[in-house]
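> Submitted below is the structure of interest, expressed as structure tokens.
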Amino acid sequence: MPCFSVVVPAHRVQGYLRECLESVLDQSFKDLELVVVDDDSPDAGAAIAAEYAQRDPRVQLVRLPERRGIGAARDIGAERATGQWLLFLDGDDVLLPGALAALDEALRGPSEDVDVLLFGHDRVDWWETVRRPVGEDVTGDPLAVTVAAWNRVVRRSFWSAHALAFSAGPYEDVVPVHQATLAAGERVGALDRVCVRWRERRGGSFAKSPGRAHFAVVGRYEELFAAGTEVTARLFPYAVDHILAVLDDPGRIQPGDRAAYFRAAAAMLRAHRPGGYVTVTDRQRALLSGSYATYRGLARAGGRMKAVRSALARRKKAVRARAMRVTYRADLRRSLDPHLAVYGAYWNRAVSCNPAAIHAKARELAPHIRGVWVVSSRHKHRVPPGVEYVIEGSRRYWQAMARATYLVNNSSFPGGFTKRPGQVYLQTHHGTPLKKMGLDQRRYPAGTHGISFQKVLDHTDQWDYSLSANPHSTEVWERVYPAAYQALEAGYPRNDVYFTTGPDDTAKIRADLGIRPGVRALLYAPTHRDYQKGFLPRLDLERFAAALGPDHVVLVRAHYFYGADAGLAAHPNLIDVTGHARVEELCLAADALVTDYSSIMFDYACLDRPIVTYAPDWQAYRLARGTYFDVLSGRPGETPGALATTQDELSALFRDGGWDTEETTRLRAAFRARFCPYDDGGAAERVVRRLFLA
């Protein structure tokens, strides 16, 4: 029998679940089992849990065939548990290092005779600000501790003997948590140590979903009070405080529902008010008197200064906006054009990437949709003939942004537009994340260059759909760009060409690039380094080309941040393709890819051709930029093929045949399976049908 059974219900937490599970499995105290209950989650949560279950025998995955809710999922996990102690942990929270060892020590020491052991927790928000609950003392009255399933362990035999179970629906832990505390009586212990970190999410969690579902907390206490006057007298003060805390939280009760919630709570509390209960605060008195006008007056007085500051900030923002876009405001009052879509890519550089593939497919499948591209004035010459465009910041740009029903971009639209009700924004992204992205970048200031993460979140709040090329991306985007958008796991439309281009078209691309027949073409495409300026390849390209010999040609693609060319010296076996309009054509032309940490590796994997990782500065890159996995690990699913960390090693791979072996083929297959599962040539069509034709 393991000491601890950690039960984790999982529903729509794929972006956080790995961190949660690893926080349990990496504990120094190993005598545990981890029961993950997949509550019929539509995301990759079950697959993630299955991965851990496959490699660690302590992990058990329970899949529910239909959504049961977090309470039922916890109950099912508790039924499957075999440990001495139950610890319930939400799938987006973490168990802090050393927590289980500290709990085990406490349960073997002064608290060995307890049935319930409380412990401390803290909370972390999306800015990674960590704070403890103000004034909470786990060593005081146990009923005063935060009402939650995840800040205590319960003896499993005690849980079963008292037939404890979570309620169906919201606030599912209020009843069993209080019932367990009351039933344990003197056998409640406390460990004054923070063991769990509760994650406060921007969206996607019940705590951040305002609505009448939060009225359920009133019913939970009414259910508890039905146990009799003794229980009511004990719980009543804490019920009042809990109900008021829910009322005061704008993330739970909407302004339009506040009066109804207040009156429902007041009626229930007045019906069960025990004799001798004395109110302490004005807010308590207002609630127990049933006077919403009094409560509202207190709330207004307390929030007056905050309201003044907010009003000043809004006024300043409004003045600035009027100065910038007076005519745009007028356009915002006009109706949306149901047949207008605005596209953008790479900060208005050109018609390219996923938006370009979607635009092309929409012209074929949804010709009633008029597509307009946003480009900067210095890049307008790159717009293909026959493609309608507007210049960023122009009158026509603001007209299009005000009236378009559909917005498609792989980066962001300029100028801080106002997203209107009825507009649908698809964020396509432009790569699979190897390096840290979004909010994760805050830990790596060398790569942020003054990024306003508040603006990042404001932009994320505009998205309706986030396009994903693979489950890894979906997990990362959900965590680092937290908002209420829907993941669209359809593959990358820009990769469709890898499945639809025939050999004759590929031969023409090679000929147009100047690749001689019978010559092996290598595409060298390193990524940008945030900590350097200009294109400084860590490879002597002339020496490399000479070592390869005349039967090889190297296509050199510098990152677009560095301009239109790579500044190469003339060499018969080097071709500068930095300014080539479509990187997809370069991939089709190449027999193999040589790259370092560029996301091009994930796209090139669709072709099932050799990928060579040349990473002479991997450690420096990881420290400066941060990465989600180790591309040099040699593990299937992380390393796409052959590896080299010096120029001599790289040359030797092509001289001796190490660039393409049975082992590199095996690695490439695993890499492709992980990062290209949705790419099959039909991604653009799937997106167009979902966005324009659904």
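Chain lettering (A, B, ...) mirrors the order of the structure tokens, residue numbering begins at 1 for each chain separately, and ligand numbering begins at 1 in order of display.
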Among segment 386-629 of chain A, which residues does DSSP mark as strand (DSSP E or B) when it is run on the backbone? Keep the chain and numbering as in the structure and answer as a PyMOL selection string.
chain A and resi 389-391+404-409+424-427+435+465-468+486-489+520-524+552-556+574-576+592-595+611-614+627
> I'd like the neighbourhood of segment 334-349 of chain A as number ranges by chain, where a residue qualifies if any of its atoms comes within 6 Å (using only C-alpha atoms), though same-chain residues fewer than 2 positions away should be ignored.
A: 331-332, 369-376, 379, 403-411
> Using DSSP assignments from the backbone, pull out every residue in segment 154-392 of chain A that falls under helix (DSSP H, G or I) and give it to me as a PyMOL selection string.
chain A and resi 156-161+174-187+206-208+212-225+229-248+255-272+282-289+292-302+304-324+326-332+353-365+377-382
> Work out how far apart atom CA of Gly518 of chain A and atom CA of Leu588 of chain A are and give it in Å to one decimal.
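It comes out at 15.5 Å.
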> Per residue of segment 171-254 of chain A within 12 Å of segment 292-302 of chain A, what are the shortest atom pair and its distance in Å to one decimal, counting only C-alpha atoms, with rows by chain and residue number, as JSON lines?

```
{"residue": "A:Leu244", "atom": "CA", "partner": "A:Tyr295", "partner_atom": "CA", "distance": 10.4}
{"residue": "A:Leu247", "atom": "CA", "partner": "A:Tyr295", "partner_atom": "CA", "distance": 10.7}
{"residue": "A:Asp248", "atom": "CA", "partner": "A:Ala299", "partner_atom": "CA", "distance": 8.7}
{"residue": "A:Asp249", "atom": "CA", "partner": "A:Ala299", "partner_atom": "CA", "distance": 11.9}
```
> Deliver the residues from the most recent selection as a file, using N, CA and C atoms, as a short mmCIF file (atom, residue, chain, number, x, y, z; two decimals), in the first residue's frame.

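New file out_18.cif:
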```cif
data_model
loop_
_atom_site.label_atom_id
_atom_site.label_comp_id
_atom_site.auth_asym_id
_atom_site.auth_seq_id
_atom_site.Cartn_x
_atom_site.Cartn_y
_atom_site.Cartn_z
N LEU A 244 -19.76 36.02 1.11
CA LEU A 244 -19.38 37.40 0.81
C LEU A 244 -18.16 37.45 -0.10
N LEU A 247 -19.28 36.93 -3.56
CA LEU A 247 -19.99 38.12 -4.02
C LEU A 247 -19.01 39.22 -4.43
N ASP A 248 -17.92 39.36 -3.69
CA ASP A 248 -16.96 40.43 -3.95
C ASP A 248 -16.04 40.15 -5.13
N ASP A 249 -16.05 38.93 -5.64
CA ASP A 249 -15.13 38.55 -6.71
C ASP A 249 -15.77 38.80 -8.07
#
```
